[in-house]
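J.: Sending over start-v1.cif (mmCIF, C-alpha atoms).
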```
data_model
#
loop_
_atom_site.group_PDB
_atom_site.id
_atom_site.type_symbol
_atom_site.label_atom_id
_atom_site.label_comp_id
_atom_site.auth_asym_id
_atom_site.auth_seq_id
_atom_site.Cartn_x
_atom_site.Cartn_y
_atom_site.Cartn_z
ATOM 1 C CA MET G 1 32.945 52.864 14.793
ATOM 2 C CA ASP G 2 32.534 49.295 15.974
ATOM 3 C CA LYS G 3 34.871 47.763 13.438
ATOM 4 C CA MET G 4 38.055 46.125 14.702
ATOM 5 C CA PHE G 5 39.594 45.961 11.195
ATOM 6 C CA TRP G 6 39.218 48.854 8.819
ATOM 7 C CA LEU G 7 40.651 50.983 6.028
ATOM 8 C CA THR G 8 40.417 54.735 6.072
ATOM 9 C CA ALA G 9 41.320 57.657 3.857
ATOM 10 C CA GLU G 10 41.633 59.831 6.972
ATOM 11 C CA PRO G 11 44.700 60.110 9.248
ATOM 12 C CA ILE G 12 44.891 57.201 11.718
ATOM 13 C CA ASP G 13 44.845 57.966 15.426
ATOM 14 C CA SER G 14 46.806 55.085 16.965
ATOM 15 C CA ASN G 15 45.070 55.605 20.286
ATOM 16 C CA GLU G 16 41.734 54.827 18.665
ATOM 17 C CA VAL G 17 43.123 51.465 17.573
ATOM 18 C CA ILE G 18 44.601 50.772 21.002
ATOM 19 C CA LYS G 19 41.297 51.579 22.740
ATOM 20 C CA LYS G 20 39.613 48.792 20.764
ATOM 21 C CA VAL G 21 41.639 46.134 22.559
ATOM 22 C CA VAL G 22 41.619 47.513 26.107
ATOM 23 C CA ARG G 23 39.845 45.133 28.520
ATOM 24 C CA PRO G 24 40.214 43.938 32.084
ATOM 25 C CA GLU G 25 41.687 40.547 31.106
ATOM 26 C CA ALA G 26 44.640 42.180 29.337
ATOM 27 C CA GLY G 27 47.959 42.698 31.051
ATOM 28 C CA ALA G 28 49.764 43.729 27.873
ATOM 29 C CA ILE G 29 49.000 45.688 24.733
ATOM 30 C CA SER G 30 51.558 45.501 21.947
ATOM 31 C CA THR G 31 51.327 47.991 19.090
ATOM 32 C CA PHE G 32 52.977 48.175 15.716
ATOM 33 C CA ILE G 33 52.862 51.469 13.837
ATOM 34 C CA GLY G 34 54.018 51.502 10.214
ATOM 35 C CA VAL G 35 54.861 54.997 8.965
ATOM 36 C CA ALA G 36 55.843 56.579 5.658
ATOM 37 C CA ARG G 37 59.642 56.527 5.331
ATOM 38 C CA GLU G 38 61.513 59.329 3.615
ATOM 39 C CA PHE G 39 64.761 57.556 2.690
ATOM 40 C CA THR G 40 64.990 54.003 1.348
ATOM 41 C CA TYR G 41 68.587 52.957 0.728
ATOM 42 C CA GLY G 42 69.464 56.569 0.039
ATOM 43 C CA LYS G 43 66.559 57.191 -2.311
ATOM 44 C CA ARG G 44 64.259 59.982 -1.285
ATOM 45 C CA THR G 45 60.492 59.577 -1.114
ATOM 46 C CA LEU G 46 58.382 62.714 -1.408
ATOM 47 C CA PHE G 47 55.082 61.062 -0.505
ATOM 48 C CA LEU G 48 53.285 57.710 -0.749
ATOM 49 C CA GLU G 49 49.948 56.656 -2.149
ATOM 50 C CA TYR G 50 48.120 53.552 -0.997
ATOM 51 C CA GLU G 51 45.495 51.929 -3.173
ATOM 52 C CA ALA G 52 43.305 49.132 -1.831
ATOM 53 C CA TYR G 53 40.586 46.713 -2.805
ATOM 54 C CA VAL G 54 38.751 47.998 0.232
ATOM 55 C CA PRO G 55 36.039 45.413 0.980
ATOM 56 C CA MET G 56 38.401 42.498 0.411
ATOM 57 C CA ALA G 57 41.220 44.183 2.343
ATOM 58 C CA GLU G 58 38.967 44.589 5.367
ATOM 59 C CA LYS G 59 37.979 40.919 5.107
ATOM 60 C CA GLN G 60 41.622 39.884 4.949
ATOM 61 C CA LEU G 61 42.516 42.021 7.964
ATOM 62 C CA SER G 62 39.665 40.338 9.788
ATOM 63 C CA ARG G 63 41.001 36.963 8.683
ATOM 64 C CA ILE G 64 44.382 37.886 10.217
ATOM 65 C CA GLY G 65 42.510 38.622 13.445
ATOM 66 C CA SER G 66 40.961 35.142 13.292
ATOM 67 C CA GLU G 67 44.346 33.551 12.616
ATOM 68 C CA ILE G 68 45.746 35.346 15.667
ATOM 69 C CA SER G 69 42.826 34.169 17.784
ATOM 70 C CA SER G 70 43.414 30.579 16.756
ATOM 71 C CA ARG G 71 47.126 30.801 17.611
ATOM 72 C CA TRP G 72 46.801 32.968 20.698
ATOM 73 C CA PRO G 73 43.252 32.279 21.928
ATOM 74 C CA GLU G 74 43.303 35.002 24.569
ATOM 75 C CA ALA G 75 44.398 37.743 22.151
ATOM 76 C CA ARG G 76 42.225 40.592 20.942
ATOM 77 C CA THR G 77 43.360 42.402 17.779
ATOM 78 C CA ALA G 78 42.521 45.675 16.045
ATOM 79 C CA ILE G 79 44.088 46.943 12.807
ATOM 80 C CA ALA G 80 43.614 50.164 10.814
ATOM 81 C CA HIS G 81 45.251 50.801 7.422
ATOM 82 C CA ARG G 82 45.388 54.065 5.548
ATOM 83 C CA THR G 83 44.554 54.652 1.884
ATOM 84 C CA GLY G 84 45.268 57.623 -0.351
ATOM 85 C CA ARG G 85 48.153 60.059 -0.092
ATOM 86 C CA LEU G 86 50.508 59.937 2.901
ATOM 87 C CA ASP G 87 53.204 62.449 3.739
ATOM 88 C CA ILE G 88 56.452 61.431 5.391
ATOM 89 C CA SER G 89 55.917 60.037 8.925
ATOM 90 C CA ASP G 90 52.158 59.673 8.456
ATOM 91 C CA VAL G 91 50.793 56.451 9.931
ATOM 92 C CA ALA G 92 50.182 53.831 7.221
ATOM 93 C CA VAL G 93 49.106 51.020 9.518
ATOM 94 C CA ALA G 94 48.358 50.700 13.234
ATOM 95 C CA ILE G 95 48.056 47.305 14.911
ATOM 96 C CA ALA G 96 47.148 46.708 18.531
ATOM 97 C CA VAL G 97 46.986 43.315 20.224
ATOM 98 C CA SER G 98 46.062 42.780 23.850
ATOM 99 C CA THR G 99 46.765 39.581 25.752
ATOM 100 C CA PRO G 100 46.946 38.567 29.414
ATOM 101 C CA HIS G 101 50.780 38.371 29.269
ATOM 102 C CA ARG G 102 53.374 40.278 27.219
ATOM 103 C CA ASP G 103 55.054 37.505 25.262
ATOM 104 C CA ASP G 104 51.923 36.623 23.306
ATOM 105 C CA ALA G 105 51.204 40.289 22.554
ATOM 106 C CA PHE G 106 54.678 40.812 21.079
ATOM 107 C CA GLN G 107 54.449 37.677 18.963
ATOM 108 C CA ALA G 108 50.932 38.314 17.735
ATOM 109 C CA SER G 109 51.549 41.918 16.682
ATOM 110 C CA ARG G 110 54.607 40.794 14.724
ATOM 111 C CA TYR G 111 52.552 38.059 13.108
ATOM 112 C CA ALA G 112 49.909 40.608 12.081
ATOM 113 C CA ILE G 113 52.275 42.924 10.202
ATOM 114 C CA GLU G 114 54.047 40.064 8.422
ATOM 115 C CA ARG G 115 50.717 38.635 7.318
ATOM 116 C CA ILE G 116 49.469 42.033 6.111
ATOM 117 C CA LYS G 117 52.439 42.154 3.767
ATOM 118 C CA GLU G 118 51.387 38.825 2.260
ATOM 119 C CA ILE G 119 47.635 38.600 1.905
ATOM 120 C CA VAL G 120 45.949 41.998 2.215
ATOM 121 C CA PRO G 121 45.157 43.639 -1.146
ATOM 122 C CA ILE G 122 46.778 47.022 -0.562
ATOM 123 C CA TRP G 123 49.424 48.561 -2.808
ATOM 124 C CA LYS G 124 51.985 51.255 -2.101
ATOM 125 C CA ARG G 125 53.050 53.672 -4.789
ATOM 126 C CA GLU G 126 56.352 55.369 -4.114
ATOM 127 C CA ASN G 127 56.612 58.916 -5.367
ATOM 128 C CA TRP G 128 60.365 59.478 -5.580
ATOM 129 C CA GLU G 129 62.143 62.680 -6.466
ATOM 130 C CA ASP G 130 62.697 61.250 -9.937
ATOM 131 C CA GLY G 131 59.599 59.183 -10.679
ATOM 132 C CA THR G 132 56.934 56.860 -9.332
ATOM 133 C CA GLU G 133 56.688 53.123 -8.815
ATOM 134 C CA TRP G 134 54.125 50.601 -7.588
ATOM 135 C CA VAL G 135 56.115 48.697 -5.012
ATOM 136 C CA GLY G 136 56.187 44.995 -5.713
ATOM 137 C CA SER G 137 53.956 45.222 -8.734
ATOM 138 C CA GLN G 138 56.258 45.223 -11.718
ATOM 139 C CA LYS G 139 59.601 44.130 -10.334
ATOM 140 C CA GLU G 140 58.838 40.433 -10.503
ATOM 141 C CA ASP G 141 60.842 39.852 -7.340
ATOM 142 C CA VAL G 142 57.763 38.445 -5.670
ATOM 143 C CA SER G 143 55.620 35.897 -7.436
ATOM 144 C CA TYR G 144 52.400 34.350 -6.276
ATOM 145 C CA LYS G 145 52.283 32.109 -9.291
ATOM 146 C CA ASP G 146 52.602 28.926 -7.302
ATOM 147 C CA GLN G 147 50.283 29.565 -4.411
ATOM 148 C CA LEU G 148 49.120 31.895 -1.748
ATOM 149 C CA PRO G 149 51.482 31.753 1.231
ATOM 150 C CA LYS G 150 49.993 29.475 3.847
ATOM 151 C CA GLU G 151 49.506 30.284 7.496
ATOM 152 C CA GLU G 152 51.836 27.446 8.419
ATOM 153 C CA GLU G 153 54.655 29.070 6.488
ATOM 154 C CA ILE G 154 54.737 32.037 8.801
ATOM 155 C CA GLU G 155 57.229 31.458 11.583
ATOM 156 C CA ARG G 156 55.531 31.675 14.932
ATOM 157 C CA GLY G 157 58.233 33.904 16.443
ATOM 158 C CA MET O 158 28.559 38.754 -17.506
ATOM 159 C CA VAL O 159 31.563 38.514 -15.226
ATOM 160 C CA ASN O 160 33.041 41.684 -13.708
ATOM 161 C CA VAL O 161 36.816 41.974 -13.806
ATOM 162 C CA LEU O 162 38.797 44.363 -11.574
ATOM 163 C CA PHE O 163 42.388 45.549 -11.945
ATOM 164 C CA PHE O 164 44.527 47.260 -9.333
ATOM 165 C CA ALA O 165 47.800 49.165 -9.045
ATOM 166 C CA GLY O 166 50.274 48.244 -11.790
ATOM 167 C CA LEU O 167 47.774 46.001 -13.568
ATOM 168 C CA LYS O 168 45.281 48.847 -13.736
ATOM 169 C CA GLU O 169 47.905 50.970 -15.497
ATOM 170 C CA LEU O 170 48.905 48.131 -17.787
ATOM 171 C CA PHE O 171 45.348 47.474 -18.944
ATOM 172 C CA GLY O 172 44.480 51.166 -18.883
ATOM 173 C CA LYS O 173 41.265 50.566 -16.951
ATOM 174 C CA GLU O 174 40.106 49.491 -13.528
ATOM 175 C CA ARG O 175 37.183 47.299 -14.571
ATOM 176 C CA MET O 176 35.603 45.506 -17.485
ATOM 177 C CA SER O 177 32.793 43.032 -18.125
ATOM 178 C CA VAL O 178 33.373 39.829 -20.070
ATOM 179 C CA GLU O 179 31.185 36.946 -21.239
ATOM 180 C CA ALA O 180 33.065 34.439 -19.149
ATOM 181 C CA GLY O 181 30.359 32.575 -17.237
ATOM 182 C CA GLY O 182 31.281 28.865 -17.147
ATOM 183 C CA LEU O 183 34.977 29.452 -17.878
ATOM 184 C CA THR O 184 37.832 28.821 -15.494
ATOM 185 C CA ILE O 185 40.013 31.732 -14.391
ATOM 186 C CA HIS O 186 42.723 30.297 -16.589
ATOM 187 C CA GLU O 187 40.403 30.303 -19.614
ATOM 188 C CA LEU O 188 39.119 33.784 -18.827
ATOM 189 C CA LYS O 189 42.689 35.093 -18.843
ATOM 190 C CA SER O 190 43.598 33.371 -22.111
ATOM 191 C CA LYS O 191 40.423 34.381 -23.887
ATOM 192 C CA PHE O 192 39.985 38.009 -22.804
ATOM 193 C CA LEU O 193 43.238 39.217 -21.248
ATOM 194 C CA SER O 194 45.958 37.593 -23.318
ATOM 195 C CA SER O 195 47.725 40.901 -23.993
ATOM 196 C CA HIS O 196 49.345 40.846 -20.538
ATOM 197 C CA LEU O 197 49.275 37.194 -19.469
ATOM 198 C CA GLU O 198 52.723 37.261 -17.958
ATOM 199 C CA SER O 199 51.816 40.084 -15.594
ATOM 200 C CA LEU O 200 48.525 38.416 -14.726
ATOM 201 C CA ASP O 201 50.353 35.230 -13.862
ATOM 202 C CA GLN O 202 52.382 37.203 -11.299
ATOM 203 C CA ALA O 203 49.118 38.182 -9.644
ATOM 204 C CA MET O 204 46.804 36.344 -7.327
ATOM 205 C CA THR O 205 43.141 36.063 -8.253
ATOM 206 C CA ALA O 206 40.088 36.661 -6.104
ATOM 207 C CA ILE O 207 36.506 35.693 -6.872
ATOM 208 C CA ASN O 208 33.913 37.669 -4.943
ATOM 209 C CA GLU O 209 36.609 38.930 -2.556
ATOM 210 C CA GLU O 210 38.079 35.511 -1.724
ATOM 211 C CA TYR O 211 41.341 34.161 -3.111
ATOM 212 C CA ALA O 212 40.871 31.458 -5.730
ATOM 213 C CA ASP O 213 43.134 29.503 -8.045
ATOM 214 C CA ASP O 214 43.212 29.332 -11.835
ATOM 215 C CA ALA O 215 41.133 26.162 -12.058
ATOM 216 C CA VAL O 216 38.028 27.628 -10.427
ATOM 217 C CA VAL O 217 35.028 28.144 -12.708
ATOM 218 C CA VAL O 218 33.353 31.563 -12.643
ATOM 219 C CA LYS O 219 29.655 32.220 -13.151
ATOM 220 C CA ASP O 220 27.608 35.157 -14.337
ATOM 221 C CA GLY O 221 27.494 37.920 -11.767
ATOM 222 C CA ASP O 222 30.839 36.995 -10.197
ATOM 223 C CA THR O 223 33.497 39.618 -9.625
ATOM 224 C CA VAL O 224 37.018 38.520 -10.496
ATOM 225 C CA ALA O 225 39.848 40.678 -9.162
ATOM 226 C CA PHE O 226 43.485 40.410 -10.169
ATOM 227 C CA ILE O 227 45.703 41.185 -7.191
ATOM 228 C CA PRO O 228 49.303 42.077 -8.065
ATOM 229 C CA PRO O 229 51.894 41.368 -5.336
ATOM 230 C CA VAL O 230 50.701 43.398 -2.372
ATOM 231 C CA SER O 231 52.731 46.070 -0.585
ATOM 232 C CA GLY O 232 50.648 47.270 2.337
ATOM 233 C CA GLY O 233 51.928 47.871 5.847
#
```
Write the structure described by the file as structure tokens, please.
T.:
Amino acid sequence: MDKMFWLTAEPIDSNEVIKKVVRPEAGAISTFIGVAREFTYGKRTLFLEYEAYVPMAEKQLSRIGSEISSRWPEARTAIAHRTGRLDISDVAVAIAVSTPHRDDAFQASRYAIERIKEIVPIWKRENWEDGTEWVGSQKEDVSYKDQLPKEEEIERG
Amino acid sequence: MVNVLFFAGLKELFGKERMSVEAGGLTIHELKSKFLSSHLESLDQAMTAINEEYADDAVVVKDGDTVAFIPPVSGG
């Protein structure tokens, strides 16, 4: 697979994501691995389901890669996100960023995960012991009524 | 015809994941009021995408476009 940004219904191998950003110019590779959490404030999750608007989600992940390149021109980024059912501790998202020096890699990988949580059309459904819930969808604690969060609003670490 | 897509909670609310509406020439705002008024409040919590790019309520859609309603995302 030549893609640097992709969704998959299969388990994610983090090493596959890391390999995408290995190159001689890099002195640092920072990774972020998001995994399915069992307990959230004492509430037990049995498993998660991720739904996505796949073609748009891949475009938005790619857009995050472009945003990173404009902020950290020497960075190379790869991101994989899971869809479908995930058991506890399964990898939901794997991000790898390589840069010549470590500080940029740390900052850029942090930027990537924060941005994913804002603009990539992927939804998590919690399957609790006592019911199910689309996270963020019906709680009205997050509203995009006014506007899409802008790049400039993300703190550059 | 304009294709409309629903995801996650909105898909459950509308009881379907897609529909086609005669909305060519209307703005997103008008499309929502005319065809989807049963759940306007929930739609207004969502972002809108036309042909896989985010767009605001004032944008006019044309025949063949795909309009997706994107409830607050929770990936990662």
J.: Could you tell me which residues the PyMOL selection byres ((chain O) within 9 of (chain G)) grabs in this file, written as a PyMOL selection string?
T.: chain O and resi 164-167+199+201-204+206+208-211+213+225+227-233
J.: Between atom CA of Leu197 of chain O and atom CA of Trp128 of chain G, what is the spacing in Å?
T.: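 According to the coordinates, atom CA of Trp128 of chain G and atom CA of Leu197 of chain O are separated by 28.5 Å.
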J.: Rounded to one decimal in Å, what is the spacing between atom CA of Asn127 of chain G and atom CA of Lys43 of chain G?
T.: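 Atom CA of Lys43 of chain G lies at a distance of 10.5 Å from atom CA of Asn127 of chain G.
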J.: Calculate how many Å separate atom CA of Ala96 of chain G from atom CA of Met4 of chain G, rounding to one decimal.
T.: 9.9 Å
J.: Would you kindly return, as a PyMOL selection string, each protein, DNA or RNA residue with an atom no farther than 7 Å from any atom of segment 217-222 of chain O, considering all atoms listed in the file and excluding same-chain residues fewer than 2 positions away?
T.: chain O and resi 158-160+181-185+207-208+215+224
J.: Given the file shown, enumerate the residues that the PyMOL selection byres ((chain G and resi 101-103) around 9) captures and present them as a list in words.
T.: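 With the PyMOL selection byres ((chain G and resi 101-103) around 9) on this model, the match is Ala26, Gly27, Ala28, Ile29, Ser30, Ser98, Thr99, Pro100, Asp104, Ala105, Phe106, Gln107 and Ala108 of chain G.
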J.: Taking all atoms of segment 127-133 of chain G that appear in the file, build a box with edges along x, y and z, extend it by 6 Å on every side, and state its centre and edge lengths in Å to one decimal, as lines of an AutoDock Vina configuration file.
T.:
```
center_x = 59.7
center_y = 57.9
center_z = -8.0
size_x = 18.1
size_y = 21.6
size_z = 17.3
```
J.: Dump as a list in words all residues having an atom at most 7 Å from (37.3, 38.3, -19.6), computed in the file's coordinates with all atoms listed in the file.
T.: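 Checking each residue against the 7 Å limit leaves Val161, Ser177, Val178, Glu179, Ala180, Leu188, Lys189, Lys191, Phe192 and Leu193 of chain O.
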J.: Env of Glu174 of chain O: 8 Å cut, atoms = only C-alpha atoms, seq-sep filter 2 positions within chain, self excluded. Answer as a VMD selection string.
T.: chain O and resid 162 to 164 168 171 to 172 176
J.: Store the residues of this selection in a file with C-alpha atoms, as a short mmCIF file (atom, residue, chain, number, x, y, z; two decimals), in the frame of the given file.
T.:
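After the write, out-v7.cif holds the following:
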```
data_model
loop_
_atom_site.label_atom_id
_atom_site.label_comp_id
_atom_site.auth_asym_id
_atom_site.auth_seq_id
_atom_site.Cartn_x
_atom_site.Cartn_y
_atom_site.Cartn_z
CA LEU O 162 38.80 44.36 -11.57
CA PHE O 163 42.39 45.55 -11.94
CA PHE O 164 44.53 47.26 -9.33
CA LYS O 168 45.28 48.85 -13.74
CA PHE O 171 45.35 47.47 -18.94
CA GLY O 172 44.48 51.17 -18.88
CA MET O 176 35.60 45.51 -17.48
#
```
J.: Can you turn the PyMOL selection byres ((chain G and resi 75) around 7) into a concrete residue list for this file, as a count of residues only?
T.: 9
